[in-house]
Amino acid sequence: MGDLATTDEGNNFRAVQQKLKKLGMAMDLAGNELEALLRGMRTNAQRAESLAVDIANAQLDRKFIEMTNQVSVALGGAAVEVRKLHETAAEVSGLAHDARRDHARLYEGLDTIRSGRKERTPKPGFFAH
């Protein structure tokens, strides 16, 4: 995802469309990976909680029960933060797809005209003088 901000491709219509597409796809992928991470964290938190009960039933030292409970609580807390990150990735993905669609709606016609001409287009601000 580090190449999203590079300007090697320029900032013409097609380059911007490609960058927005890459961003949306990267956020979709990140969302999928975060969802899998979240499921794993929740599963491990439940396993740790169950293990704490098993340790208690085996009448092991109380410190092991407490440490295992702390692991369960920490995983549960981390899962909450991963869920927030997942929601943010989904939001950014949606915004990137929306921006790509809006950008195409606003500028695709202009790009079609500009790319179909033989003559070069003046630099921005040329007509402002």
# chains A, B, ... in the order shown; residues from 1 in each chain; ligands from 1
>>> select_by_dssp(residues="chain A", states="alpha helix (DSSP H)", output="PyMOL selection string")
chain A and resi 13-57+62-116
>>> residues_around(residues="Met27 (chain A)", least_positions_apart="4", cutoff="6 Å", atoms="only C-alpha atoms", output="list in words")
Gly31, Ala89 and Ser93 of chain A
>>> closest_residue(among="A:Arg14, A:Arg120, A:Arg83, A:Lys63", to="Asn32 (chain A)", atoms="only C-alpha atoms")
A:Arg83
>>> residues_around(residues="region 102-113 of chain A", least_positions_apart="4", cutoff="9 Å", atoms="only C-alpha atoms", output="PyMOL selection string")
chain A and resi 12-14+16-17+97-98+117
>>> closest_residue(among="A:Ala90, A:Ala96, A:Ala56, A:Ala45", to="Ala78 (chain A)", atoms="only C-alpha atoms")
A:Ala45
>>> residues_around(residues="Arg39 (chain A)", least_positions_apart="2", cutoff="12 Å", atoms="only C-alpha atoms", output="list in words")
Asn32, Glu33, Leu34, Glu35, Ala36, Leu37, Met41, Arg42, Thr43, Asn44, Ala45, Gln46, Leu75, Gly76, Ala78, Ala79, Val80, Val82, Arg83 and His86 of chain A
>>> write_last_selection(atoms="all heavy atoms", output="short mmCIF file (atom, residue, chain, number, x, y, z; two decimals), in the first residue's frame")
data_model
loop_
_atom_site.label_atom_id
_atom_site.label_comp_id
_atom_site.auth_asym_id
_atom_site.auth_seq_id
_atom_site.Cartn_x
_atom_site.Cartn_y
_atom_site.Cartn_z
N ASN A 32 -10.86 -7.59 5.28
CA ASN A 32 -11.00 -9.06 5.34
C ASN A 32 -10.00 -9.66 6.33
O ASN A 32 -10.35 -10.55 7.11
CB ASN A 32 -10.78 -9.67 3.96
CG ASN A 32 -11.89 -9.30 2.99
OD1 ASN A 32 -12.98 -8.91 3.38
ND2 ASN A 32 -11.60 -9.41 1.70
N GLU A 33 -8.77 -9.17 6.29
CA GLU A 33 -7.74 -9.68 7.20
C GLU A 33 -8.06 -9.32 8.65
O GLU A 33 -7.85 -10.13 9.56
CB GLU A 33 -6.37 -9.17 6.78
CG GLU A 33 -5.89 -9.77 5.46
CD GLU A 33 -4.58 -9.19 4.97
OE1 GLU A 33 -3.98 -8.34 5.66
OE2 GLU A 33 -4.15 -9.60 3.88
N LEU A 34 -8.55 -8.11 8.87
CA LEU A 34 -8.91 -7.70 10.23
C LEU A 34 -10.10 -8.52 10.75
O LEU A 34 -10.15 -8.84 11.94
CB LEU A 34 -9.24 -6.21 10.26
CG LEU A 34 -8.02 -5.29 10.13
CD1 LEU A 34 -8.46 -3.86 9.85
CD2 LEU A 34 -7.16 -5.36 11.39
N GLU A 35 -11.02 -8.85 9.87
CA GLU A 35 -12.15 -9.68 10.27
C GLU A 35 -11.68 -11.06 10.73
O GLU A 35 -12.14 -11.59 11.74
CB GLU A 35 -13.14 -9.80 9.12
CG GLU A 35 -14.46 -10.40 9.50
CD GLU A 35 -15.46 -10.36 8.35
OE1 GLU A 35 -15.36 -9.48 7.48
OE2 GLU A 35 -16.34 -11.23 8.33
N ALA A 36 -10.75 -11.64 9.99
CA ALA A 36 -10.19 -12.95 10.37
C ALA A 36 -9.43 -12.84 11.69
O ALA A 36 -9.54 -13.72 12.56
CB ALA A 36 -9.28 -13.47 9.27
N LEU A 37 -8.67 -11.77 11.86
CA LEU A 37 -7.95 -11.55 13.11
C LEU A 37 -8.92 -11.42 14.28
O LEU A 37 -8.70 -11.99 15.35
CB LEU A 37 -7.08 -10.30 12.99
CG LEU A 37 -6.32 -9.87 14.24
CD1 LEU A 37 -5.31 -10.94 14.66
CD2 LEU A 37 -5.62 -8.54 14.00
N MET A 41 -9.07 -13.72 17.61
CA MET A 41 -8.88 -13.14 18.94
C MET A 41 -10.05 -13.51 19.86
O MET A 41 -9.84 -13.85 21.03
CB MET A 41 -8.72 -11.63 18.85
CG MET A 41 -7.44 -11.21 18.20
SD MET A 41 -7.30 -9.43 18.08
CE MET A 41 -6.29 -9.13 19.51
N ARG A 42 -11.25 -13.44 19.33
CA ARG A 42 -12.42 -13.80 20.14
C ARG A 42 -12.38 -15.28 20.53
O ARG A 42 -12.66 -15.63 21.67
CB ARG A 42 -13.70 -13.48 19.38
CG ARG A 42 -14.00 -12.00 19.34
CD ARG A 42 -15.27 -11.71 18.57
NE ARG A 42 -15.60 -10.29 18.60
CZ ARG A 42 -16.42 -9.70 17.76
NH1 ARG A 42 -17.00 -10.40 16.81
NH2 ARG A 42 -16.66 -8.41 17.85
N THR A 43 -12.00 -16.12 19.58
CA THR A 43 -11.89 -17.55 19.86
C THR A 43 -10.85 -17.81 20.93
O THR A 43 -11.08 -18.57 21.88
CB THR A 43 -11.55 -18.33 18.57
OG1 THR A 43 -12.59 -18.14 17.62
CG2 THR A 43 -11.37 -19.80 18.84
N ASN A 44 -9.68 -17.17 20.80
CA ASN A 44 -8.62 -17.36 21.78
C ASN A 44 -9.00 -16.81 23.15
O ASN A 44 -8.62 -17.39 24.18
CB ASN A 44 -7.32 -16.74 21.28
CG ASN A 44 -6.70 -17.54 20.16
OD1 ASN A 44 -6.94 -18.74 20.02
ND2 ASN A 44 -5.91 -16.88 19.34
N ALA A 45 -9.73 -15.71 23.18
CA ALA A 45 -10.19 -15.16 24.46
C ALA A 45 -11.13 -16.15 25.14
O ALA A 45 -11.03 -16.37 26.36
CB ALA A 45 -10.89 -13.82 24.24
N GLN A 46 -12.03 -16.75 24.38
CA GLN A 46 -12.95 -17.75 24.96
C GLN A 46 -12.19 -18.98 25.44
O GLN A 46 -12.50 -19.54 26.49
CB GLN A 46 -14.01 -18.14 23.93
CG GLN A 46 -15.00 -17.02 23.65
CD GLN A 46 -15.91 -17.33 22.45
OE1 GLN A 46 -15.68 -18.26 21.70
NE2 GLN A 46 -16.93 -16.50 22.28
N LEU A 75 -7.16 -10.16 25.51
CA LEU A 75 -7.57 -10.53 24.15
C LEU A 75 -8.94 -9.93 23.81
O LEU A 75 -9.16 -9.47 22.70
CB LEU A 75 -7.61 -12.05 23.99
CG LEU A 75 -6.26 -12.73 23.80
CD1 LEU A 75 -6.42 -14.24 23.91
CD2 LEU A 75 -5.66 -12.36 22.46
N GLY A 76 -9.83 -9.95 24.78
CA GLY A 76 -11.14 -9.33 24.56
C GLY A 76 -11.03 -7.84 24.29
O GLY A 76 -11.68 -7.31 23.39
N ALA A 78 -8.34 -6.25 23.15
CA ALA A 78 -7.69 -6.07 21.85
C ALA A 78 -8.68 -6.33 20.72
O ALA A 78 -8.65 -5.64 19.69
CB ALA A 78 -6.48 -7.01 21.73
N ALA A 79 -9.56 -7.29 20.90
CA ALA A 79 -10.57 -7.58 19.88
C ALA A 79 -11.49 -6.39 19.66
O ALA A 79 -11.88 -6.10 18.52
CB ALA A 79 -11.38 -8.82 20.27
N VAL A 80 -11.81 -5.68 20.73
CA VAL A 80 -12.65 -4.47 20.60
C VAL A 80 -11.94 -3.44 19.73
O VAL A 80 -12.55 -2.83 18.83
CB VAL A 80 -12.98 -3.88 21.99
CG1 VAL A 80 -13.60 -2.50 21.88
CG2 VAL A 80 -13.92 -4.82 22.76
N VAL A 82 -9.57 -4.04 17.48
CA VAL A 82 -9.49 -4.56 16.11
C VAL A 82 -10.82 -4.36 15.41
O VAL A 82 -10.86 -4.03 14.22
CB VAL A 82 -9.08 -6.06 16.11
CG1 VAL A 82 -9.25 -6.68 14.74
CG2 VAL A 82 -7.63 -6.19 16.57
N ARG A 83 -11.93 -4.52 16.13
CA ARG A 83 -13.25 -4.28 15.54
C ARG A 83 -13.38 -2.83 15.10
O ARG A 83 -13.86 -2.54 14.00
CB ARG A 83 -14.37 -4.63 16.52
CG ARG A 83 -15.77 -4.41 15.94
CD ARG A 83 -16.88 -4.68 16.93
NE ARG A 83 -16.72 -4.08 18.24
CZ ARG A 83 -16.98 -2.81 18.54
NH1 ARG A 83 -17.42 -1.98 17.61
NH2 ARG A 83 -16.81 -2.35 19.76
N HIS A 86 -11.37 -2.41 12.01
CA HIS A 86 -12.10 -3.03 10.90
C HIS A 86 -13.18 -2.10 10.38
O HIS A 86 -13.35 -1.92 9.17
CB HIS A 86 -12.70 -4.36 11.36
CG HIS A 86 -13.54 -5.03 10.33
ND1 HIS A 86 -14.91 -4.87 10.28
CD2 HIS A 86 -13.22 -5.82 9.29
CE1 HIS A 86 -15.39 -5.55 9.26
NE2 HIS A 86 -14.39 -6.14 8.65
#
>>> atom_distance(atom1="CA of Val53 (chain A)", atom2="CA of Glu66 (chain A)")
10.4 Å
